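J.: Just one file: structure10.txt, with compact mmCIF, C-alpha atoms and all ligand atoms.
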# COMPACT_ATOMS: atom_id res chain seq x y z
CA MET T 290 98.71 186.21 69.58
CA SER T 291 101.94 185.60 67.76
CA TYR T 292 105.67 186.25 67.85
CA PRO T 293 107.31 188.08 69.60
CA ILE T 294 104.71 187.75 72.39
CA VAL T 295 104.59 184.02 71.75
CA ARG T 296 107.93 182.25 72.11
CA HIS T 297 107.59 178.45 72.11
CA ARG T 298 111.15 177.96 73.25
CA ARG T 299 110.30 179.38 76.74
CA LEU T 300 108.83 176.01 77.70
CA ARG T 301 111.86 174.08 76.43
CA SER T 302 114.48 176.10 78.28
CA SER T 303 115.68 173.43 80.72
CA ALA T 304 115.28 169.76 81.52
CA ALA T 305 113.07 170.63 84.50
CA MET T 306 110.86 172.86 82.33
CA ARG T 307 110.54 170.13 79.70
CA ASN T 308 109.72 167.56 82.38
CA LEU T 309 107.02 169.88 83.69
CA VAL T 310 105.17 170.28 80.41
CA ARG T 311 105.69 166.80 78.95
CA GLU T 312 102.41 165.36 77.63
CA HIS T 313 103.12 161.64 77.28
CA ALA T 314 105.28 159.09 79.00
CA VAL T 315 105.90 155.37 78.68
CA THR T 316 105.83 153.43 81.92
CA VAL T 317 106.63 149.82 82.67
CA ASN T 318 102.93 149.30 83.40
CA ASP T 319 102.12 149.87 79.73
CA LEU T 320 104.21 147.00 78.45
CA ILE T 321 103.36 143.44 77.48
CA TYR T 322 106.23 141.07 76.70
CA PRO T 323 105.72 138.24 74.17
CA ILE T 324 107.25 134.85 74.98
CA PHE T 325 107.68 131.84 72.68
CA ILE T 326 107.28 128.40 74.26
CA VAL T 327 108.75 125.36 72.57
CA ARG T 328 108.47 121.64 73.31
CA GLY T 329 111.48 119.72 74.57
CA GLU T 330 113.90 120.15 77.42
CA GLY T 331 116.75 122.46 78.24
CA ILE T 332 115.96 124.77 75.33
CA LYS T 333 116.80 128.47 75.24
CA ASN T 334 117.04 129.02 71.55
CA GLU T 335 117.77 132.51 70.22
CA ILE T 336 115.67 133.48 67.21
CA PRO T 337 118.19 134.49 64.53
CA SER T 338 116.16 137.41 63.16
CA MET T 339 115.21 138.58 66.67
CA PRO T 340 118.41 138.97 68.71
CA GLY T 341 117.82 138.65 72.45
CA VAL T 342 114.46 136.91 71.98
CA TYR T 343 114.35 133.17 72.67
CA GLN T 344 112.20 130.10 72.33
CA TRP T 345 111.95 128.58 75.79
CA SER T 346 111.17 125.04 76.86
CA LEU T 347 108.99 124.71 79.95
CA ASP T 348 111.79 123.55 82.22
CA ARG T 349 113.81 126.71 81.53
CA LEU T 350 110.94 129.18 81.50
CA GLU T 351 111.62 130.12 85.10
CA GLU T 352 114.72 132.10 84.06
CA GLU T 353 112.64 134.32 81.76
CA ILE T 354 109.70 134.69 84.13
CA ARG T 355 111.97 135.71 87.02
CA GLU T 356 113.60 138.38 84.90
CA VAL T 357 110.30 139.74 83.59
CA SER T 358 108.84 139.80 87.12
CA GLU T 359 111.87 141.47 88.67
CA LEU T 360 111.70 144.18 86.03
CA GLY T 361 108.15 145.00 87.09
CA ILE T 362 106.48 144.00 83.82
CA GLN T 363 102.78 143.25 84.42
CA ALA T 364 101.93 140.92 81.57
CA VAL T 365 103.35 138.41 79.09
CA LEU T 366 101.80 137.27 75.82
CA LEU T 367 102.26 133.56 75.10
CA PHE T 368 102.88 131.91 71.74
CA GLY T 369 103.26 128.18 71.31
CA VAL T 370 105.85 126.78 68.93
CA GLU T 371 104.63 123.35 67.88
CA ASP T 372 106.75 120.56 66.38
CA HIS T 373 105.91 119.93 62.73
CA GLY T 374 104.98 116.33 63.48
CA ALA T 375 102.45 117.38 66.11
CA LYS T 376 100.52 119.73 63.84
CA ASP T 377 97.28 118.70 62.15
CA ALA T 378 94.65 120.13 59.82
CA HIS T 379 92.48 121.42 62.68
CA GLY T 380 95.25 122.77 64.91
CA SER T 381 94.21 120.57 67.82
CA GLY T 382 97.29 121.62 69.80
CA ALA T 383 95.60 124.99 70.27
CA TYR T 384 92.78 123.50 72.36
CA ASP T 385 94.54 120.55 73.98
CA ALA T 386 94.35 120.81 77.78
CA ASN T 387 97.99 119.75 77.75
CA GLY T 388 98.94 121.96 74.83
CA ILE T 389 102.15 123.91 75.01
CA VAL T 390 100.47 127.24 75.81
CA GLN T 391 98.20 125.67 78.44
CA GLN T 392 101.19 124.03 80.14
CA ALA T 393 103.20 127.24 80.03
CA THR T 394 100.29 129.17 81.50
CA ARG T 395 100.06 126.79 84.45
CA ARG T 396 103.82 126.97 84.94
CA ILE T 397 103.85 130.78 84.93
CA LYS T 398 100.99 130.89 87.40
CA GLU T 399 103.05 128.63 89.69
CA LEU T 400 106.11 130.84 89.32
CA ASN T 401 104.35 134.17 89.75
CA PRO T 402 100.56 134.18 90.17
CA GLU T 403 100.47 137.96 89.87
CA LEU T 404 102.04 138.13 86.42
CA LEU T 405 99.19 138.43 83.91
CA VAL T 406 99.14 135.81 81.19
CA VAL T 407 97.72 136.95 77.88
CA ALA T 408 96.99 134.01 75.58
CA ASP T 409 97.21 134.61 71.84
CA THR T 410 94.25 132.66 70.56
CA CYS T 411 94.90 131.44 67.04
CA LEU T 412 95.36 128.19 65.13
CA CYS T 413 98.24 128.98 62.77
CA GLU T 414 100.96 127.76 65.13
CA PHE T 415 99.18 124.39 65.35
CA THR T 416 97.84 123.70 61.86
CA ASP T 417 99.93 121.69 59.39
CA HIS T 418 98.97 124.12 56.60
CA GLY T 419 99.87 127.15 58.73
CA HIS T 420 96.58 128.99 58.21
CA CYS T 421 94.66 130.54 61.08
CA GLY T 422 91.53 128.44 60.56
CA VAL T 423 89.96 125.44 58.88
CA VAL T 424 91.02 125.14 55.25
CA HIS T 425 88.67 123.90 52.58
CA TYR T 426 89.70 123.31 48.99
CA ASP T 427 87.08 124.84 46.74
CA GLU T 428 86.97 122.75 43.52
CA ARG T 429 84.87 125.34 41.70
CA LYS T 430 87.25 128.23 42.38
CA GLY T 431 90.29 125.98 42.22
CA GLN T 432 91.65 127.49 45.42
CA ALA T 433 91.82 126.92 49.13
CA ASP T 434 89.60 128.93 51.42
CA VAL T 435 89.73 129.47 55.17
CA LEU T 436 86.23 128.71 56.47
CA ASN T 437 84.91 131.28 58.90
CA ASP T 438 82.32 129.59 61.10
CA PRO T 439 83.97 126.18 61.50
CA SER T 440 87.15 128.05 62.50
CA LEU T 441 85.20 129.95 65.16
CA GLU T 442 84.23 126.73 66.91
CA LEU T 443 87.88 125.73 67.23
CA LEU T 444 88.90 129.19 68.34
CA VAL T 445 86.30 129.11 71.12
CA LYS T 446 87.65 125.74 72.26
CA ALA T 447 91.16 127.20 72.31
CA ALA T 448 90.08 130.25 74.30
CA VAL T 449 88.17 128.19 76.87
CA SER T 450 91.07 125.78 77.36
CA GLN T 451 93.46 128.72 77.77
CA ALA T 452 91.17 130.24 80.40
CA GLU T 453 90.93 126.85 82.12
CA ALA T 454 94.71 126.74 82.27
CA GLY T 455 94.66 130.11 84.01
CA ALA T 456 95.07 132.72 81.26
CA ASP T 457 94.05 136.16 82.52
CA ILE T 458 93.34 137.74 79.14
CA ILE T 459 92.25 136.10 75.88
CA ALA T 460 93.67 137.72 72.75
CA PRO T 461 92.08 136.30 69.60
CA SER T 462 94.17 137.02 66.53
CA ASN T 463 92.84 134.92 63.67
CA MET T 464 90.63 137.62 62.12
CA MET T 465 87.54 135.47 61.57
CA ASP T 466 84.30 137.43 61.54
CA GLY T 467 82.40 137.16 64.79
CA PHE T 468 85.30 135.85 66.81
CA VAL T 469 84.76 138.16 69.75
CA GLN T 470 81.08 137.27 70.06
CA ALA T 471 81.77 133.55 69.78
CA ILE T 472 84.59 133.63 72.32
CA ARG T 473 82.66 135.84 74.74
CA ARG T 474 79.77 133.37 74.70
CA GLY T 475 82.07 130.40 75.04
CA LEU T 476 83.95 131.91 77.95
CA ASP T 477 80.75 132.96 79.70
CA GLU T 478 79.16 129.53 79.30
CA ALA T 479 82.27 127.93 80.75
CA GLY T 480 82.15 130.26 83.75
CA TYR T 481 84.88 132.66 82.66
CA GLU T 482 82.71 135.76 82.42
CA ASN T 483 85.41 137.78 84.19
CA VAL T 484 88.16 136.99 81.71
CA PRO T 485 88.59 139.96 79.37
CA ILE T 486 89.08 139.80 75.60
CA MET T 487 91.88 141.81 74.03
CA SER T 488 90.84 141.69 70.41
CA TYR T 489 93.25 141.92 67.51
CA ALA T 490 90.58 144.18 66.05
CA VAL T 491 92.62 145.87 63.35
CA LYS T 492 95.16 143.39 62.06
CA TYR T 493 96.68 143.94 58.67
CA ALA T 494 98.09 141.34 56.27
CA SER T 495 101.59 142.65 56.87
CA SER T 496 105.10 141.77 55.79
CA PHE T 497 106.26 142.98 59.20
CA TYR T 498 105.32 139.57 60.68
CA GLY T 499 108.17 137.80 58.86
CA PRO T 500 110.54 137.21 61.80
CA PHE T 501 107.64 136.06 64.01
CA ARG T 502 106.68 133.35 61.56
CA ASP T 503 110.22 131.98 61.83
CA ALA T 504 110.07 132.24 65.61
CA ALA T 505 106.67 130.57 65.89
CA ASN T 506 107.11 128.22 62.97
CA SER T 507 103.75 129.43 61.65
CA ALA T 508 104.17 130.59 58.05
CA PRO T 509 101.30 129.52 55.78
CA GLN T 510 102.38 126.53 53.68
CA PHE T 511 100.51 127.88 50.65
CA GLY T 512 98.86 131.17 49.74
CA ASP T 513 98.75 134.08 52.15
CA ARG T 514 96.46 135.54 54.81
CA LYS T 515 94.89 138.23 52.64
CA THR T 516 91.36 136.79 52.74
CA TYR T 517 91.21 137.23 56.51
CA GLN T 518 93.80 139.83 57.54
CA MET T 519 93.22 143.39 56.36
CA ASP T 520 94.48 145.20 53.29
CA PRO T 521 97.13 147.74 54.40
CA ALA T 522 95.51 150.29 52.08
CA ASN T 523 92.30 150.46 54.11
CA ALA T 524 91.41 152.79 56.98
CA ARG T 525 87.59 152.96 56.95
CA GLU T 526 87.49 149.18 56.88
CA ALA T 527 89.55 149.17 60.07
CA LEU T 528 86.83 151.17 61.80
CA ARG T 529 84.21 148.68 60.64
CA GLU T 530 86.34 145.84 62.03
CA ALA T 531 86.76 147.64 65.35
CA ASP T 532 83.03 148.55 65.46
CA SER T 533 82.18 144.86 65.17
CA ASP T 534 84.57 143.83 67.91
CA ALA T 535 83.42 146.63 70.22
CA ALA T 536 79.77 145.70 69.64
CA GLU T 537 80.56 142.03 70.27
CA GLY T 538 82.03 142.87 73.66
CA ALA T 539 85.77 143.26 73.23
CA ASP T 540 87.33 144.79 76.35
CA MET T 541 90.43 146.14 74.61
CA LEU T 542 91.10 146.89 70.95
CA MET T 543 94.41 146.29 69.24
CA VAL T 544 96.07 147.76 66.18
CA LYS T 545 98.72 145.62 64.54
CA PRO T 546 101.35 146.33 63.27
CA ALA T 547 101.98 149.66 65.00
CA LEU T 548 104.63 151.75 63.24
CA ALA T 549 103.15 151.94 59.76
CA TYR T 550 99.65 152.21 61.27
CA MET T 551 99.95 155.08 63.75
CA ASP T 552 97.00 156.76 62.05
CA MET T 553 94.82 153.81 62.99
CA ILE T 554 95.96 153.93 66.61
CA ARG T 555 94.87 157.57 66.66
CA ALA T 556 91.61 156.81 64.85
CA LEU T 557 90.68 154.12 67.37
CA ARG T 558 91.68 156.34 70.29
CA ASP T 559 89.35 159.06 69.05
CA ARG T 560 86.46 156.71 68.35
CA TYR T 561 86.38 154.38 71.39
CA LEU T 562 86.63 154.58 75.14
CA HIS T 563 88.29 151.15 75.35
CA PRO T 564 91.95 150.72 76.17
CA ILE T 565 93.84 150.75 72.86
CA VAL T 566 96.72 148.33 72.38
CA ALA T 567 99.56 148.81 69.89
CA TYR T 568 101.43 145.69 68.77
CA ASN T 569 105.01 146.65 67.92
CA VAL T 570 105.55 143.53 65.82
CA SER T 571 108.56 141.35 65.06
CA GLY T 572 109.65 143.10 61.86
CA GLU T 573 109.61 146.47 63.59
CA PHE T 574 111.82 144.99 66.31
CA SER T 575 114.23 143.35 63.87
CA MET T 576 114.74 146.51 61.82
CA ILE T 577 115.82 148.50 64.86
CA LYS T 578 118.02 145.64 66.09
CA ALA T 579 119.74 145.30 62.72
CA ALA T 580 120.41 149.02 62.38
CA ALA T 581 121.67 149.20 65.96
CA ALA T 582 123.95 146.19 65.46
CA SER T 583 125.49 148.00 62.50
CA GLY T 584 126.11 151.02 64.68
CA TRP T 585 123.85 153.17 62.52
CA ILE T 586 121.39 154.24 65.20
CA ASP T 587 121.24 154.69 68.96
CA GLU T 588 119.04 151.74 69.97
CA LYS T 589 117.88 153.02 73.35
CA ALA T 590 117.01 156.49 72.04
CA ILE T 591 115.23 155.12 68.96
CA VAL T 592 113.21 152.58 70.96
CA LEU T 593 112.10 155.09 73.57
CA GLU T 594 111.18 157.60 70.86
CA THR T 595 109.16 154.93 69.06
CA MET T 596 107.30 153.93 72.23
CA THR T 597 106.57 157.57 73.05
CA GLY T 598 105.20 157.89 69.53
CA PHE T 599 102.77 155.02 70.17
CA LYS T 600 101.60 156.70 73.36
CA ARG T 601 101.21 160.06 71.63
CA ALA T 602 99.23 158.36 68.84
CA GLY T 603 96.84 157.15 71.52
CA ALA T 604 97.97 153.69 72.62
CA ASP T 605 97.41 152.79 76.25
CA LEU T 606 99.27 149.50 76.10
CA ILE T 607 102.19 148.36 73.97
CA ILE T 608 103.06 144.78 73.15
CA THR T 609 106.77 144.81 72.38
CA TYR T 610 109.81 142.54 72.24
CA PHE T 611 111.72 145.51 73.69
CA ALA T 612 109.70 145.39 76.95
CA LYS T 613 112.54 144.09 79.12
CA ASP T 614 115.03 146.61 77.70
CA ILE T 615 112.59 149.46 78.18
CA ALA T 616 111.89 148.41 81.76
CA ARG T 617 115.65 148.46 82.42
CA TRP T 618 116.17 151.84 80.75
CA LEU T 619 113.27 153.42 82.59
CA ARG T 620 114.86 152.33 85.86
CA SER T 621 118.27 153.81 85.27
C1 LIG S 1 99.03 134.70 64.93
C2 LIG S 1 99.90 135.89 65.13
C3 LIG S 1 100.88 136.45 64.30
C4 LIG S 1 101.50 137.49 65.03
C5 LIG S 1 100.85 137.54 66.26
N1 LIG S 1 99.86 136.56 66.30
C6 LIG S 1 101.37 136.04 62.95
C7 LIG S 1 100.52 136.17 61.77
O1 LIG S 1 99.39 136.65 61.81
O2 LIG S 1 101.00 135.70 60.75
C8 LIG S 1 102.63 138.33 64.56
C9 LIG S 1 103.40 139.02 65.64
C10 LIG S 1 104.70 139.63 65.23
O3 LIG S 1 105.06 139.73 64.04
O4 LIG S 1 105.41 140.05 66.14
N2 LIG S 1 98.13 134.77 63.90
Rewrite the structure of this file - the entire thing - as structure tokens.
Ligand code: PBG

T.:
Amino acid sequence: MSYPIVRHRRLRSSAAMRNLVREHAVTVNDLIYPIFIVRGEGIKNEIPSMPGVYQWSLDRLEEEIREVSELGIQAVLLFGVEDHGAKDAHGSGAYDANGIVQQATRRIKELNPELLVVADTCLCEFTDHGHCGVVHYDERKGQADVLNDPSLELLVKAAVSQAEAGADIIAPSNMMDGFVQAIRRGLDEAGYENVPIMSYAVKYASSFYGPFRDAANSAPQFGDRKTYQMDPANAREALREADSDAAEGADMLMVKPALAYMDMIRALRDRYLHPIVAYNVSGEFSMIKAAAASGWIDEKAIVLETMTGFKRAGADLIITYFAKDIARWLRS
């Protein structure tokens, strides 16, 4: 059948008709809002490259948590911003029972026990060298290497201490091989068999993380993350990564960044039955903010179109710094 029998415009003829046949929608239940926690007191520090996003000290966190809760957002993703002086080679702040993320988790659970706390499980915010694992200088190669298995041990300690503090979801992001299996075992042994793992399964070595590294004070002090994060040129490799994490027991699979990797969101959607998570990262946020601030684009329309695109590509959940704005827009 073809034109003139077929006329596609019939189903676009009015707002009601378009509402009736719409395939995808973003809801507030899909959104996870990242929050940066900093040491100190009385701090609400706007991140210059991320307008409207702040580093919060524990004593002021209530303001942010109240707003997020009132907007109906179901989950926040916590990042710790550690003082330079408190960092060390093994990132011990990541698995300190009184670490910044652990304290923030307990505080949030006091403020609103129903708000889900997702803990980003990584070492880079807590290591003095800024890498996501244990660094070893290889004399023979003349270069530094991030050691896989010793890093896993520390990551497991971090995950268990986050669960102990009350985290509802563990989200390992350091891209070591076997991290889901190691964390699953560690959580189960510690009695947290009901805490799910949201794996950063497909995480690329991306320049879109730039603003985040300023916000979290976590840029590598030398080299880059290309020996553990993925090459942006690779798609089949992403499926191998996700296969490993799925086999190791990940409960949800993430693709990060999102915008330049919509094909991978779709590929994971088609291949797995797990919830698929898109991480709309800092650089994607900053680009829209900058263009909007210049008056070049309509921020609300562009953000909602972008989010709808993630859903259409196959994402179930979206981690985004726009979560509060979206929740507000969806209401009005
Ligand atoms: C930790 C981590 C990073 C991001 C999330 N978890 C930074 C990195 O890998 O360098 C980036 C998030 C963003 O850019 O919004 N490893």

J.: Counting only C-alpha atoms, which of T:Ala383, T:Val370, T:Ala508, T:Ala522 gets nearest to Tyr550 of chain T?

T.: T:Ala522

J.: Looking at T:Ala539, T:Ala527, T:Ala582, T:Val424, which one is nearest to Gly512 of chain T, with distances taken over all atoms listed in the file?

T.: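 Counting all atoms listed in the file, the residue closest to Gly512 of chain T is T:Val424.
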
J.: Residues up to 10 Å from ligand LIG 1 (chain S), counting only C-alpha atoms and all ligand atoms: could you list those as a PyMOL selection string?

T.: chain T and resi 323+339+366-368+409-414+419-422+460-464+489+492-509+513-514+517-518+545-546+568-575+608-610

J.: Mind giving me the straight-line distance from atom CA of Val469 of chain T to atom CA of Ile397 of chain T in Å, one decimal?

T.: 25.5 Å

J.: Could you check how far atom CA of Phe611 of chain T sits from atom CA of Leu309 of chain T, in Å to one decimal?

T.: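 We find that atom CA of Phe611 of chain T and atom CA of Leu309 of chain T lie 26.8 Å from each other.
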
J.: Restricting the calculation to all atoms listed in the file: of T:Gly388, T:Gly480, T:Gly361, T:Gly603, which residue gets closest to Phe415 of chain T?

T.: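 The answer is T:Gly388, which sits nearest to Phe415 of chain T.
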
J.: Using only C-alpha atoms, which of T:Gln391, T:Ser621, T:Ser488, T:Ser583 sits nearest Glu453 of chain T?

T.: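 Result for the nearest residue to Glu453 of chain T: T:Gln391.
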
J.: Using all atoms listed in the file, list the residues that have an atom at most 6 Å from (96.8, 129.7, 83.0), coordinates as in the file, as a ChimeraX atom specification.

T.: /T:394-395,454-456

J.: Can you spit out the residues from that selection as a PDB file, in the frame of the given file, using C-alpha atoms?

T.:
ATOM      1  CA  THR T 394     100.290 129.170  81.500  1.00  0.00           C
ATOM      2  CA  ARG T 395     100.060 126.790  84.450  1.00  0.00           C
ATOM      3  CA  ALA T 454      94.710 126.740  82.270  1.00  0.00           C
ATOM      4  CA  GLY T 455      94.660 130.110  84.010  1.00  0.00           C
ATOM      5  CA  ALA T 456      95.070 132.720  81.260  1.00  0.00           C
TER       6      ALA T 456
END

J.: Between T:Thr416, T:Asn387, T:Gln392, T:Gln470, which residue has the minimum interatomic distance to Leu441 of chain T, considering all atoms listed in the file?

T.: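 Looking at the shortest contact to Leu441 of chain T, the residue is T:Gln470.
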
J.: Fewer than 2 positions away in the same chain doesn't count, so skip those; otherwise give me all residues within 7 Å of segment 373-377 of chain T, counting all atoms listed in the file, as a list in words.

T.: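 After dropping sequence-adjacent residues, the list is Glu371, His379, Gly380, Ser381, Phe415, Thr416 and Asp417 of chain T.
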
J.: So what do you get for atom CA of Ile459 of chain T versus atom CA of Leu404 of chain T, distance-wise?

T.: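 Between atom CA of Ile459 of chain T and atom CA of Leu404 of chain T the gap is 14.5 Å.
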
J.: Measuring atom to atom with all atoms listed in the file, identify which of T:Glu351, T:Glu312, T:Asp319, T:Glu403 is nearest to Ala604 of chain T.

T.: T:Asp319

J.: Got a sec: who's within 10 Å of Gly341 of chain T, counting all atoms listed in the file, leaving out chain neighbours fewer than 5 positions off, as a list of chain:residue names?

T.: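 The filter keeps T:Asn334, T:Glu335, T:Ile336, T:Lys578, T:Tyr610, T:Phe611, T:Asp614.
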
J.: Edge lengths and centre, in Å to one decimal, as AutoDock Vina command-line options: that's what I need for the box along x, y and z that holds all listed atoms of segment 351-358 of chain T plus 6 Å on each side.

T.:
--center_x 111.8 --center_y 135.0 --center_z 84.4 --size_x 17.9 --size_y 21.7 --size_z 17.4

J.: Find the spatial neighbours of Thr597 of chain T, counting only C-alpha atoms, within a cut-off of 7 Å - ignore same-chain residues fewer than 6 positions away - and output them as a tab-separated table (two decimals) with C-alpha atoms, in the coordinates of the input.

T.:
chain	number	residue	atom	x	y	z
T	313	HIS	CA	103.12	161.64	77.28
T	314	ALA	CA	105.28	159.09	79.00
T	315	VAL	CA	105.90	155.37	78.68
